[in-house]
$ cat model-v7.txt   # compact mmCIF, C-alpha atoms
# COMPACT_ATOMS: atom_id res chain seq x y z
CA MET A 1 62.92 -30.80 -41.95
CA ASP A 2 59.34 -31.50 -40.92
CA LYS A 3 58.63 -31.94 -37.25
CA ARG A 4 55.87 -34.49 -36.70
CA ILE A 5 54.45 -34.49 -33.22
CA VAL A 6 51.75 -36.68 -31.67
CA PHE A 7 50.24 -35.69 -28.32
CA SER A 8 48.30 -38.47 -26.59
CA GLY A 9 46.49 -38.83 -23.30
CA SER A 10 42.95 -38.67 -21.99
CA GLY A 11 40.25 -36.16 -22.85
CA GLY A 12 40.53 -33.98 -19.78
CA GLN A 13 44.29 -33.46 -19.95
CA GLY A 14 44.14 -30.76 -22.58
CA VAL A 15 46.16 -32.53 -25.27
CA ILE A 16 44.10 -31.06 -28.12
CA THR A 17 44.46 -27.57 -26.67
CA ALA A 18 48.21 -28.07 -26.31
CA ALA A 19 48.44 -29.15 -29.95
CA ILE A 20 46.48 -26.12 -31.15
CA ILE A 21 48.60 -23.73 -29.06
CA LEU A 22 51.83 -25.22 -30.41
CA ALA A 23 50.62 -25.09 -34.03
CA GLU A 24 49.52 -21.47 -33.69
CA ALA A 25 52.73 -20.46 -31.94
CA ALA A 26 54.75 -21.93 -34.80
CA ALA A 27 52.74 -20.49 -37.67
CA VAL A 28 51.79 -17.09 -36.27
CA TYR A 29 54.71 -16.12 -34.02
CA GLU A 30 57.74 -17.81 -35.55
CA THR A 31 59.28 -16.85 -38.87
CA ASN A 32 58.62 -18.91 -42.00
CA LEU A 33 56.90 -21.86 -40.35
CA ASN A 34 53.73 -23.58 -41.50
CA ALA A 35 51.70 -25.82 -39.22
CA VAL A 36 48.83 -28.28 -39.48
CA GLN A 37 46.93 -29.62 -36.52
CA THR A 38 44.57 -32.61 -36.70
CA GLN A 39 42.47 -34.90 -34.56
CA SER A 40 40.88 -38.10 -35.83
CA TYR A 41 38.03 -39.73 -33.98
CA GLY A 42 36.98 -43.27 -34.80
CA PRO A 43 35.09 -45.89 -32.82
CA GLU A 44 38.02 -45.90 -30.37
CA ALA A 45 37.13 -42.32 -29.41
CA ARG A 46 34.61 -43.73 -26.94
CA GLY A 47 36.66 -43.99 -23.78
CA GLY A 48 40.00 -44.60 -25.46
CA ALA A 49 43.07 -42.43 -25.83
CA THR A 50 42.79 -38.90 -27.16
CA ARG A 51 45.32 -38.08 -29.85
CA ALA A 52 46.22 -34.76 -31.47
CA ASP A 53 48.74 -34.38 -34.29
CA VAL A 54 50.87 -31.38 -35.25
CA ILE A 55 53.17 -31.00 -38.24
CA ILE A 56 55.50 -28.00 -38.34
CA SER A 57 57.47 -27.31 -41.49
CA GLU A 58 59.20 -24.55 -43.41
CA ALA A 59 57.55 -25.91 -46.55
CA PRO A 60 53.83 -26.14 -47.34
CA ILE A 61 52.32 -29.25 -45.74
CA HIS A 62 50.36 -31.51 -48.07
CA HIS A 63 49.71 -34.57 -45.91
CA PRO A 64 48.30 -33.38 -42.60
CA LYS A 65 48.06 -36.78 -40.94
CA VAL A 66 51.08 -38.02 -38.98
CA ILE A 67 51.82 -41.70 -39.56
CA ASN A 68 55.12 -41.99 -37.68
CA PRO A 69 55.93 -39.01 -35.47
CA ASN A 70 59.48 -38.10 -34.55
CA ILE A 71 58.14 -36.67 -31.29
CA LEU A 72 55.57 -38.54 -29.20
CA ILE A 73 54.06 -37.36 -25.91
CA CYS A 74 52.10 -39.89 -23.83
CA LEU A 75 50.20 -38.68 -20.78
CA THR A 76 48.32 -41.88 -19.89
CA GLN A 77 49.20 -45.57 -19.83
CA THR A 78 46.47 -46.31 -22.36
CA ALA A 79 47.94 -43.74 -24.74
CA TYR A 80 51.46 -45.07 -24.20
CA ASN A 81 50.42 -48.67 -24.83
CA LYS A 82 48.57 -47.66 -27.95
CA TYR A 83 51.01 -45.25 -29.55
CA ALA A 84 54.55 -46.12 -28.39
CA GLY A 85 54.94 -48.33 -31.45
CA ILE A 86 54.36 -45.54 -33.97
CA LEU A 87 57.36 -43.42 -32.91
CA ARG A 88 60.09 -43.22 -35.53
CA PRO A 89 63.36 -44.91 -34.60
CA GLY A 90 65.65 -42.34 -33.05
CA GLY A 91 62.75 -40.07 -32.09
CA LEU A 92 61.85 -38.49 -28.76
CA MET A 93 59.28 -39.87 -26.34
CA LEU A 94 58.09 -37.70 -23.46
CA THR A 95 55.94 -39.30 -20.74
CA ASP A 96 54.53 -38.21 -17.40
CA SER A 97 55.94 -40.31 -14.54
CA LYS A 98 52.72 -40.35 -12.54
CA PHE A 99 50.54 -41.64 -15.34
CA VAL A 100 52.85 -43.80 -17.44
CA LYS A 101 54.97 -46.75 -16.42
CA ILE A 102 57.56 -47.39 -19.11
CA ASP A 103 57.54 -51.15 -19.45
CA PHE A 104 59.40 -51.64 -22.68
CA LYS A 105 62.31 -49.94 -24.40
CA VAL A 106 61.78 -48.26 -27.71
CA ASP A 107 64.56 -47.14 -30.04
CA ALA A 108 64.20 -43.51 -28.99
CA ARG A 109 65.24 -40.91 -26.48
CA GLN A 110 62.86 -41.64 -23.58
CA VAL A 111 62.27 -38.76 -21.19
CA GLU A 112 60.11 -39.38 -18.11
CA LEU A 113 59.16 -36.27 -16.15
CA ASN A 114 57.04 -35.66 -13.07
CA MET A 115 55.11 -32.92 -14.80
CA TYR A 116 51.74 -33.51 -13.17
CA LEU A 117 53.19 -33.67 -9.67
CA ALA A 118 55.27 -30.54 -10.23
CA VAL A 119 52.20 -28.61 -11.41
CA MET A 120 50.16 -29.76 -8.43
CA GLU A 121 52.92 -28.89 -5.96
CA LYS A 122 53.79 -25.49 -7.39
CA ILE A 123 50.47 -24.26 -8.72
CA GLY A 124 47.81 -26.66 -7.48
CA LYS A 125 45.72 -26.40 -10.68
CA PRO A 126 45.60 -29.47 -12.93
CA ILE A 127 44.23 -27.31 -15.76
CA VAL A 128 47.75 -26.04 -16.57
CA PHE A 129 49.30 -29.53 -16.74
CA ASN A 130 49.27 -29.29 -20.52
CA ILE A 131 51.13 -25.96 -20.46
CA CYS A 132 53.82 -27.45 -18.20
CA MET A 133 54.12 -30.31 -20.69
CA LEU A 134 54.55 -27.78 -23.51
CA GLY A 135 57.33 -26.08 -21.51
CA ALA A 136 59.17 -29.39 -21.14
CA LEU A 137 58.65 -30.19 -24.82
CA LEU A 138 60.07 -26.82 -25.93
CA GLU A 139 63.11 -27.16 -23.70
CA LEU A 140 63.77 -30.64 -25.10
CA THR A 141 63.24 -29.76 -28.75
CA GLY A 142 63.43 -26.00 -29.37
CA LEU A 143 60.32 -26.35 -31.56
CA VAL A 144 59.22 -22.77 -30.85
CA LYS A 145 60.20 -20.09 -28.35
CA PRO A 146 58.40 -20.11 -24.98
CA ASP A 147 57.51 -16.49 -25.67
CA SER A 148 55.56 -17.57 -28.78
CA ILE A 149 53.44 -19.86 -26.61
CA MET A 150 52.73 -16.99 -24.23
CA LYS A 151 51.68 -14.77 -27.16
CA VAL A 152 49.15 -17.39 -28.26
CA LEU A 153 47.83 -17.72 -24.71
CA LYS A 154 47.44 -13.95 -24.47
CA ASP A 155 44.91 -14.11 -27.31
CA LYS A 156 43.01 -17.02 -25.78
CA ILE A 157 42.75 -16.66 -22.03
CA PRO A 158 41.71 -13.92 -19.59
CA PRO A 159 44.59 -11.68 -18.35
CA ASP A 160 44.15 -13.01 -14.79
CA PHE A 161 45.25 -16.47 -15.92
CA MET A 162 48.46 -15.43 -17.65
CA ALA A 163 50.69 -15.60 -14.57
CA MET A 164 49.57 -19.14 -13.73
CA ASN A 165 50.21 -20.29 -17.29
CA GLN A 166 53.60 -18.58 -17.37
CA GLU A 167 54.53 -20.41 -14.16
CA ALA A 168 53.34 -23.75 -15.60
CA LEU A 169 55.39 -23.24 -18.77
CA GLU A 170 58.44 -22.32 -16.70
CA THR A 171 57.90 -25.37 -14.45
CA GLY A 172 58.12 -27.65 -17.48
CA ILE A 173 61.26 -25.91 -18.74
CA GLN A 174 62.94 -26.25 -15.33
CA LEU A 175 62.10 -29.97 -15.04
CA VAL A 176 64.11 -30.59 -18.21
CA ARG A 177 66.99 -28.35 -17.15
CA ARG A 178 67.20 -30.25 -13.88
CA ILE A 179 67.58 -33.65 -15.57
CA ALA A 180 70.08 -32.14 -18.00
CA THR A 181 72.39 -31.09 -15.17
CA ASN A 182 72.02 -34.30 -13.14
CA MET B 183 28.00 -39.88 -47.74
CA ASP B 184 30.83 -37.80 -46.29
CA LYS B 185 29.92 -34.45 -44.80
CA ARG B 186 32.69 -31.92 -45.39
CA ILE B 187 32.38 -28.80 -43.33
CA VAL B 188 34.57 -25.68 -43.24
CA PHE B 189 34.15 -23.19 -40.40
CA SER B 190 35.74 -19.80 -41.06
CA GLY B 191 35.95 -16.52 -39.19
CA SER B 192 38.38 -14.67 -36.96
CA GLY B 193 40.45 -16.09 -34.13
CA GLY B 194 38.32 -14.88 -31.23
CA GLN B 195 35.03 -16.25 -32.55
CA GLY B 196 35.63 -19.80 -31.42
CA VAL B 197 35.53 -21.46 -34.83
CA ILE B 198 38.20 -24.04 -33.93
CA THR B 199 36.38 -24.90 -30.71
CA ALA B 200 33.11 -25.28 -32.61
CA ALA B 201 34.78 -27.63 -35.09
CA ILE B 202 36.25 -29.77 -32.29
CA ILE B 203 32.91 -29.95 -30.46
CA LEU B 204 31.09 -31.01 -33.64
CA ALA B 205 33.69 -33.66 -34.49
CA GLU B 206 33.60 -35.12 -30.98
CA ALA B 207 29.81 -35.08 -30.87
CA ALA B 208 29.69 -37.04 -34.12
CA ALA B 209 32.34 -39.63 -33.27
CA VAL B 210 31.68 -40.14 -29.57
CA TYR B 211 27.96 -39.60 -29.15
CA GLU B 212 26.43 -40.65 -32.47
CA THR B 213 26.32 -44.22 -33.75
CA ASN B 214 28.78 -45.41 -36.38
CA LEU B 215 30.28 -42.06 -37.29
CA ASN B 216 33.96 -41.22 -37.73
CA ALA B 217 35.26 -37.67 -37.68
CA VAL B 218 38.46 -35.80 -38.48
CA GLN B 219 39.11 -32.22 -37.49
CA THR B 220 41.96 -30.13 -38.90
CA GLN B 221 43.40 -26.65 -38.93
CA SER B 222 46.12 -25.50 -41.30
CA TYR B 223 48.17 -22.42 -40.57
CA GLY B 224 50.31 -20.86 -43.25
CA PRO B 225 51.74 -17.38 -43.68
CA GLU B 226 48.15 -16.13 -43.99
CA ALA B 227 47.58 -17.11 -40.35
CA ARG B 228 49.00 -13.75 -39.34
CA GLY B 229 45.90 -11.59 -39.17
CA GLY B 230 43.90 -13.42 -41.82
CA ALA B 231 40.91 -15.69 -41.60
CA THR B 232 40.87 -18.63 -39.21
CA ARG B 233 39.66 -21.86 -40.78
CA ALA B 234 38.78 -25.19 -39.19
CA ASP B 235 37.75 -28.29 -41.16
CA VAL B 236 35.60 -31.23 -40.12
CA ILE B 237 34.83 -34.40 -42.06
CA ILE B 238 32.12 -36.71 -40.75
CA SER B 239 31.65 -40.10 -42.37
CA GLU B 240 30.32 -43.56 -41.73
CA ALA B 241 33.48 -44.92 -43.38
CA PRO B 242 37.09 -44.48 -42.23
CA ILE B 243 38.45 -41.12 -43.39
CA HIS B 244 41.74 -41.24 -45.27
CA HIS B 245 42.10 -37.68 -46.53
CA PRO B 246 41.55 -35.35 -43.60
CA LYS B 247 41.85 -32.09 -45.51
CA VAL B 248 38.72 -30.61 -47.03
CA ILE B 249 39.23 -29.23 -50.53
CA ASN B 250 35.62 -28.40 -51.44
CA PRO B 251 33.21 -28.48 -48.51
CA ASN B 252 29.52 -29.12 -48.97
CA ILE B 253 28.87 -26.97 -45.90
CA LEU B 254 30.64 -23.63 -45.39
CA ILE B 255 30.20 -21.30 -42.43
CA CYS B 256 31.61 -17.75 -42.72
CA LEU B 257 31.59 -15.52 -39.66
CA THR B 258 33.61 -12.58 -41.00
CA GLN B 259 33.74 -10.71 -44.31
CA THR B 260 37.40 -11.65 -44.73
CA ALA B 261 36.53 -15.32 -44.33
CA TYR B 262 33.60 -15.04 -46.72
CA ASN B 263 35.66 -13.29 -49.39
CA LYS B 264 38.40 -15.88 -49.05
CA TYR B 265 36.40 -19.09 -48.86
CA ALA B 266 33.05 -18.57 -50.64
CA GLY B 267 34.62 -19.88 -53.84
CA ILE B 268 35.53 -23.28 -52.41
CA LEU B 269 31.95 -24.35 -51.58
CA ARG B 270 30.71 -27.23 -53.73
CA PRO B 271 27.88 -26.37 -56.14
CA GLY B 272 24.58 -27.12 -54.44
CA GLY B 273 26.10 -26.88 -50.97
CA LEU B 274 25.02 -24.88 -47.94
CA MET B 275 26.51 -21.54 -46.90
CA LEU B 276 25.73 -20.15 -43.46
CA THR B 277 26.78 -16.58 -42.66
CA ASP B 278 26.26 -14.16 -39.79
CA SER B 279 24.30 -11.09 -40.92
CA LYS B 280 26.21 -8.67 -38.69
CA PHE B 281 29.65 -9.64 -39.92
CA VAL B 282 29.11 -10.72 -43.53
CA LYS B 283 27.58 -8.78 -46.39
CA ILE B 284 26.67 -11.21 -49.16
CA ASP B 285 27.77 -9.38 -52.27
CA PHE B 286 27.73 -12.16 -54.82
CA LYS B 287 25.56 -15.18 -55.46
CA VAL B 288 27.06 -18.63 -55.24
CA ASP B 289 25.40 -21.79 -56.52
CA ALA B 290 24.35 -22.89 -53.06
CA ARG B 291 21.70 -22.57 -50.42
CA GLN B 292 22.65 -19.28 -48.74
CA VAL B 293 21.38 -18.79 -45.20
CA GLU B 294 22.04 -15.47 -43.47
CA LEU B 295 21.22 -15.38 -39.77
CA ASN B 296 21.54 -12.73 -37.07
CA MET B 297 23.31 -15.16 -34.75
CA TYR B 298 25.63 -12.69 -33.06
CA LEU B 299 22.87 -10.15 -32.40
CA ALA B 300 20.56 -12.87 -31.05
CA VAL B 301 23.25 -14.09 -28.64
CA MET B 302 23.98 -10.58 -27.42
CA GLU B 303 20.29 -9.77 -26.94
CA LYS B 304 19.33 -13.00 -25.20
CA ILE B 305 22.49 -13.91 -23.30
CA GLY B 306 24.82 -10.94 -23.53
CA LYS B 307 27.96 -13.10 -23.72
CA PRO B 308 29.82 -13.19 -27.05
CA ILE B 309 31.71 -16.29 -25.89
CA VAL B 310 28.71 -18.51 -26.77
CA PHE B 311 28.32 -17.10 -30.30
CA ASN B 312 29.96 -20.25 -31.65
CA ILE B 313 27.49 -22.50 -29.80
CA CYS B 314 24.55 -20.54 -31.23
CA MET B 315 26.10 -21.03 -34.68
CA LEU B 316 26.32 -24.78 -34.03
CA GLY B 317 22.64 -24.82 -33.05
CA ALA B 318 21.71 -23.16 -36.35
CA LEU B 319 23.98 -25.52 -38.28
CA LEU B 320 22.40 -28.61 -36.69
CA GLU B 321 18.88 -27.39 -37.36
CA LEU B 322 19.80 -26.75 -41.00
CA THR B 323 21.63 -30.03 -41.58
CA GLY B 324 20.82 -32.64 -38.93
CA LEU B 325 24.56 -33.44 -38.75
CA VAL B 326 24.31 -34.54 -35.10
CA LYS B 327 21.68 -34.27 -32.37
CA PRO B 328 21.77 -31.12 -30.21
CA ASP B 329 21.94 -33.45 -27.23
CA SER B 330 25.26 -34.85 -28.50
CA ILE B 331 26.71 -31.32 -28.50
CA MET B 332 25.56 -30.85 -24.91
CA LYS B 333 27.21 -34.14 -23.90
CA VAL B 334 30.53 -32.94 -25.32
CA LEU B 335 30.19 -29.60 -23.54
CA LYS B 336 29.48 -31.37 -20.26
CA ASP B 337 32.95 -32.94 -20.45
CA LYS B 338 34.63 -29.64 -21.29
CA ILE B 339 33.11 -26.79 -19.34
CA PRO B 340 32.26 -26.10 -15.70
CA PRO B 341 28.68 -27.05 -14.66
CA ASP B 342 27.82 -23.38 -14.06
CA PHE B 343 28.23 -22.65 -17.76
CA MET B 344 25.96 -25.40 -19.07
CA ALA B 345 22.71 -23.40 -18.90
CA MET B 346 24.20 -20.51 -20.89
CA ASN B 347 25.49 -22.88 -23.56
CA GLN B 348 22.17 -24.72 -23.74
CA GLU B 349 20.43 -21.38 -24.26
CA ALA B 350 22.89 -20.40 -26.99
CA LEU B 351 22.40 -23.71 -28.82
CA GLU B 352 18.63 -23.32 -28.55
CA THR B 353 18.86 -19.72 -29.82
CA GLY B 354 20.58 -20.94 -32.98
CA ILE B 355 17.99 -23.68 -33.50
CA GLN B 356 15.13 -21.18 -33.09
CA LEU B 357 16.64 -18.71 -35.55
CA VAL B 358 16.45 -21.38 -38.25
CA ARG B 359 12.93 -22.48 -37.31
CA ARG B 360 11.80 -18.87 -37.55
CA ILE B 361 13.04 -18.43 -41.13
CA ALA B 362 11.56 -21.83 -42.03
CA THR B 363 8.07 -20.70 -41.02
CA ASN B 364 8.28 -17.22 -42.57
$ encode --input "model-v7.txt" --output "structure tokens"
Amino acid sequence: MDKRIVFSGSGGQGVITAAIILAEAAAVYETNLNAVQTQSYGPEARGGATRADVIISEAPIHHPKVINPNILICLTQTAYNKYAGILRPGGLMLTDSKFVKIDFKVDARQVELNMYLAVMEKIGKPIVFNICMLGALLELTGLVKPDSIMKVLKDKIPPDFMAMNQEALETGIQLVRRIATN
Amino acid sequence: MDKRIVFSGSGGQGVITAAIILAEAAAVYETNLNAVQTQSYGPEARGGATRADVIISEAPIHHPKVINPNILICLTQTAYNKYAGILRPGGLMLTDSKFVKIDFKVDARQVELNMYLAVMEKIGKPIVFNICMLGALLELTGLVKPDSIMKVLKDKIPPDFMAMNQEALETGIQLVRRIATN
């Protein structure tokens, strides 16, 4: 079945980069998966929420725009307020505890994680916040293997930055494992 | 009228980044423009040509995928061979002289520029090849103002890198002005 994912947040949080990395990991490093990655910018692009869509499917993808995602990630309150309503019933919502206060229940699995704080405590570099978020997302969903993400990163970033990104990915994975065993 | 642009090349040439920068420049820093930016990855993503699409329009954009662009940029021979046929009759094709040998005529304005060589001679950093290409594209088309590109870059890159990117953009603009006066 298609996986329809919407990443949302603010410009500097790397949500578009995360979407591109996930789409490439799926299509290039997993077997038999296609992926489409899209951003739309309208008048709301000025100062509003950044949004990046990914569809992953075993079949060719004809309609690249996500209307109702089954997976929604919100990294700011503005993004949460704007997009919470588009999540499909029964879907998964992942939010960052520092940036988003969940003030209404949606018919979904709601996972709040302290991803930003964990990155700052362990690594001290906000630039890998998005990679930590991808780690959490993979552990929650099994969308692609963590190793596929690392292969994409290897093509995109200098070798010196690989260890920091590996640690960020692992930090996200561990945050989910911790709530799972609580 | 809609502007439909396809950037194509290989993964390391920054074509996806260029597409994102152009789309953001149009939607955020120009008046009354909407933009959609898409990449599709199928089985051909493994080792084939990278492709990134941008649509810029004054109206809302409902179909984010470009079928036949009116502007096509090809930065590798593989990309040229694969995508030359999708350009709309009467459109614009921009290629890099080092990487693409034009071996058949299409019904289009064909502009071959030594963008890569110019970047390496003037700046010596291949990482800004894509910004030089954007400069050439803007000078050929007037899609957005160069200043709008610089505003997007200011949000995305460290201050130390701004001068190099400005020089790359200017290099692309000058390459087009030179052929125009020959």
$ atom_distance --input "model-v7.txt" --atom1 "atom CA of Val54 of chain A" --atom2 "atom CA of Asp147 of chain A"
18.9 Å
$ atom_distance --input "model-v7.txt" --atom1 "atom CA of Ile339 of chain B" --atom2 "atom CA of Gly193 of chain B"
19.7 Å
$ interface_residues --input "model-v7.txt" --of "chain A" --to "chain B" --cutoff "8 Å" --atoms "all atoms listed in the file" --output "JSON, numbers by chain"
{"A": [12, 23, 24, 27, 28, 32, 33, 34, 35, 36, 37, 38, 39, 40, 41, 42, 43, 45, 46, 60, 64, 65, 155, 156]}
$ residues_around --input "model-v7.txt" --residues "segment 287-291 of chain B" --least-positions-apart "4" --cutoff "12 Å" --atoms "all atoms listed in the file" --output "number ranges by chain"
B: 251-255, 262-263, 265-277, 283, 322-323
$ closest_residue --input "model-v7.txt" --among "A:Glu121, A:Leu143, A:Gly172, A:Ile131" --to "Met1 of chain A" --atoms "all atoms listed in the file"
A:Leu143
$ atom_distance --input "model-v7.txt" --atom1 "atom CA of Val128 of chain A" --atom2 "atom CA of Lys307 of chain B"
24.7 Å
$ residues_around --input "model-v7.txt" --residues "Gln77 of chain A" --least-positions-apart "2" --cutoff "12 Å" --atoms "all atoms listed in the file" --output "list in words"
Ser8, Gly9, Ser10, Gly48, Ala49, Thr50, Ile73, Cys74, Leu75, Ala79, Tyr80, Asn81, Lys82, Tyr83, Ala84, Thr95, Asp96, Ser97, Lys98, Phe99, Val100, Lys101, Ile102 and Asp103 of chain A
$ write_last_selection --input "model-v7.txt" --atoms "C-alpha atoms" --output "CSV table (one decimal), in the frame of the given file"
chain,number,residue,atom,x,y,z
A,8,SER,CA,48.3,-38.5,-26.6
A,9,GLY,CA,46.5,-38.8,-23.3
A,10,SER,CA,43.0,-38.7,-22.0
A,48,GLY,CA,40.0,-44.6,-25.5
A,49,ALA,CA,43.1,-42.4,-25.8
A,50,THR,CA,42.8,-38.9,-27.2
A,73,ILE,CA,54.1,-37.4,-25.9
A,74,CYS,CA,52.1,-39.9,-23.8
A,75,LEU,CA,50.2,-38.7,-20.8
A,79,ALA,CA,47.9,-43.7,-24.7
A,80,TYR,CA,51.5,-45.1,-24.2
A,81,ASN,CA,50.4,-48.7,-24.8
A,82,LYS,CA,48.6,-47.7,-28.0
A,83,TYR,CA,51.0,-45.2,-29.6
A,84,ALA,CA,54.6,-46.1,-28.4
A,95,THR,CA,55.9,-39.3,-20.7
A,96,ASP,CA,54.5,-38.2,-17.4
A,97,SER,CA,55.9,-40.3,-14.5
A,98,LYS,CA,52.7,-40.4,-12.5
A,99,PHE,CA,50.5,-41.6,-15.3
A,100,VAL,CA,52.8,-43.8,-17.4
A,101,LYS,CA,55.0,-46.8,-16.4
A,102,ILE,CA,57.6,-47.4,-19.1
A,103,ASP,CA,57.5,-51.2,-19.4
$ axis_aligned_box --input "model-v7.txt" --around "segment 284-300 of chain B" --padding-each-side "8 Å" --output "lines of an AutoDock Vina configuration file"
center_x = 24.2
center_y = -16.1
center_z = -43.8
size_x = 23.2
size_y = 29.5
size_z = 41.5
$ residues_around --input "model-v7.txt" --residues "Arg359 of chain B" --least-positions-apart "2" --cutoff "12 Å" --atoms "only C-alpha atoms" --output "VMD selection string"
chain B and resid 295 317 to 322 352 to 357 361 to 364
$ closest_residue --input "model-v7.txt" --among "A:Ala163, A:Leu22, A:Leu169, A:Val15" --to "Lys3 of chain A" --atoms "all atoms listed in the file"
A:Leu22
$ closest_residue --input "model-v7.txt" --among "A:Ala168, A:Val152, A:Ala18, A:Val66" --to "Met120 of chain A" --atoms "all atoms listed in the file"
A:Ala168
$ decode --input "model-v7.txt" --residues "segment 158-176 of chain A" --atoms "N, CA and C atoms" --output "PDB file, in the first residue's frame"
ATOM      1  N   PRO A 158      29.951  15.700   3.608  1.00  0.00           N
ATOM      2  CA  PRO A 158      31.379  15.372   3.736  1.00  0.00           C
ATOM      3  C   PRO A 158      31.571  14.228   4.749  1.00  0.00           C
ATOM      4  N   PRO A 159      32.607  13.394   4.540  1.00  0.00           N
ATOM      5  CA  PRO A 159      32.854  12.237   5.419  1.00  0.00           C
ATOM      6  C   PRO A 159      32.925  12.619   6.903  1.00  0.00           C
ATOM      7  N   ASP A 160      33.476  13.802   7.186  1.00  0.00           N
ATOM      8  CA  ASP A 160      33.621  14.239   8.589  1.00  0.00           C
ATOM      9  C   ASP A 160      32.286  14.351   9.314  1.00  0.00           C
ATOM     10  N   PHE A 161      31.190  14.501   8.572  1.00  0.00           N
ATOM     11  CA  PHE A 161      29.901  14.726   9.208  1.00  0.00           C
ATOM     12  C   PHE A 161      29.090  13.440   9.386  1.00  0.00           C
ATOM     13  N   MET A 162      29.641  12.325   8.888  1.00  0.00           N
ATOM     14  CA  MET A 162      28.871  11.079   8.924  1.00  0.00           C
ATOM     15  C   MET A 162      28.620  10.599  10.354  1.00  0.00           C
ATOM     16  N   ALA A 163      29.628  10.700  11.208  1.00  0.00           N
ATOM     17  CA  ALA A 163      29.478  10.172  12.574  1.00  0.00           C
ATOM     18  C   ALA A 163      28.377  10.930  13.322  1.00  0.00           C
ATOM     19  N   MET A 164      28.367  12.251  13.160  1.00  0.00           N
ATOM     20  CA  MET A 164      27.363  13.073  13.835  1.00  0.00           C
ATOM     21  C   MET A 164      25.951  12.729  13.342  1.00  0.00           C
ATOM     22  N   ASN A 165      25.823  12.487  12.052  1.00  0.00           N
ATOM     23  CA  ASN A 165      24.513  12.129  11.506  1.00  0.00           C
ATOM     24  C   ASN A 165      24.087  10.731  11.944  1.00  0.00           C
ATOM     25  N   GLN A 166      25.047   9.816  11.994  1.00  0.00           N
ATOM     26  CA  GLN A 166      24.761   8.463  12.487  1.00  0.00           C
ATOM     27  C   GLN A 166      24.250   8.532  13.931  1.00  0.00           C
ATOM     28  N   GLU A 167      24.894   9.355  14.738  1.00  0.00           N
ATOM     29  CA  GLU A 167      24.495   9.487  16.142  1.00  0.00           C
ATOM     30  C   GLU A 167      23.096  10.104  16.248  1.00  0.00           C
ATOM     31  N   ALA A 168      22.804  11.076  15.388  1.00  0.00           N
ATOM     32  CA  ALA A 168      21.476  11.709  15.414  1.00  0.00           C
ATOM     33  C   ALA A 168      20.395  10.701  15.031  1.00  0.00           C
ATOM     34  N   LEU A 169      20.672   9.904  14.001  1.00  0.00           N
ATOM     35  CA  LEU A 169      19.706   8.893  13.561  1.00  0.00           C
ATOM     36  C   LEU A 169      19.456   7.897  14.693  1.00  0.00           C
ATOM     37  N   GLU A 170      20.531   7.464  15.306  1.00  0.00           N
ATOM     38  CA  GLU A 170      20.454   6.498  16.413  1.00  0.00           C
ATOM     39  C   GLU A 170      19.702   7.102  17.614  1.00  0.00           C
ATOM     40  N   THR A 171      19.908   8.384  17.860  1.00  0.00           N
ATOM     41  CA  THR A 171      19.213   9.064  18.967  1.00  0.00           C
ATOM     42  C   THR A 171      17.698   9.010  18.753  1.00  0.00           C
ATOM     43  N   GLY A 172      17.269   9.243  17.534  1.00  0.00           N
ATOM     44  CA  GLY A 172      15.835   9.172  17.236  1.00  0.00           C
ATOM     45  C   GLY A 172      15.281   7.763  17.424  1.00  0.00           C
ATOM     46  N   ILE A 173      16.042   6.783  16.957  1.00  0.00           N
ATOM     47  CA  ILE A 173      15.625   5.379  17.099  1.00  0.00           C
ATOM     48  C   ILE A 173      15.473   5.026  18.577  1.00  0.00           C
ATOM     49  N   GLN A 174      16.446   5.437  19.379  1.00  0.00           N
ATOM     50  CA  GLN A 174      16.433   5.096  20.818  1.00  0.00           C
ATOM     51  C   GLN A 174      15.288   5.782  21.556  1.00  0.00           C
ATOM     52  N   LEU A 175      14.938   7.004  21.150  1.00  0.00           N
ATOM     53  CA  LEU A 175      13.813   7.705  21.806  1.00  0.00           C
ATOM     54  C   LEU A 175      12.535   6.888  21.669  1.00  0.00           C
ATOM     55  N   VAL A 176      12.346   6.280  20.513  1.00  0.00           N
ATOM     56  CA  VAL A 176      11.131   5.474  20.283  1.00  0.00           C
ATOM     57  C   VAL A 176      11.221   4.171  21.063  1.00  0.00           C
TER      58      VAL A 176
END
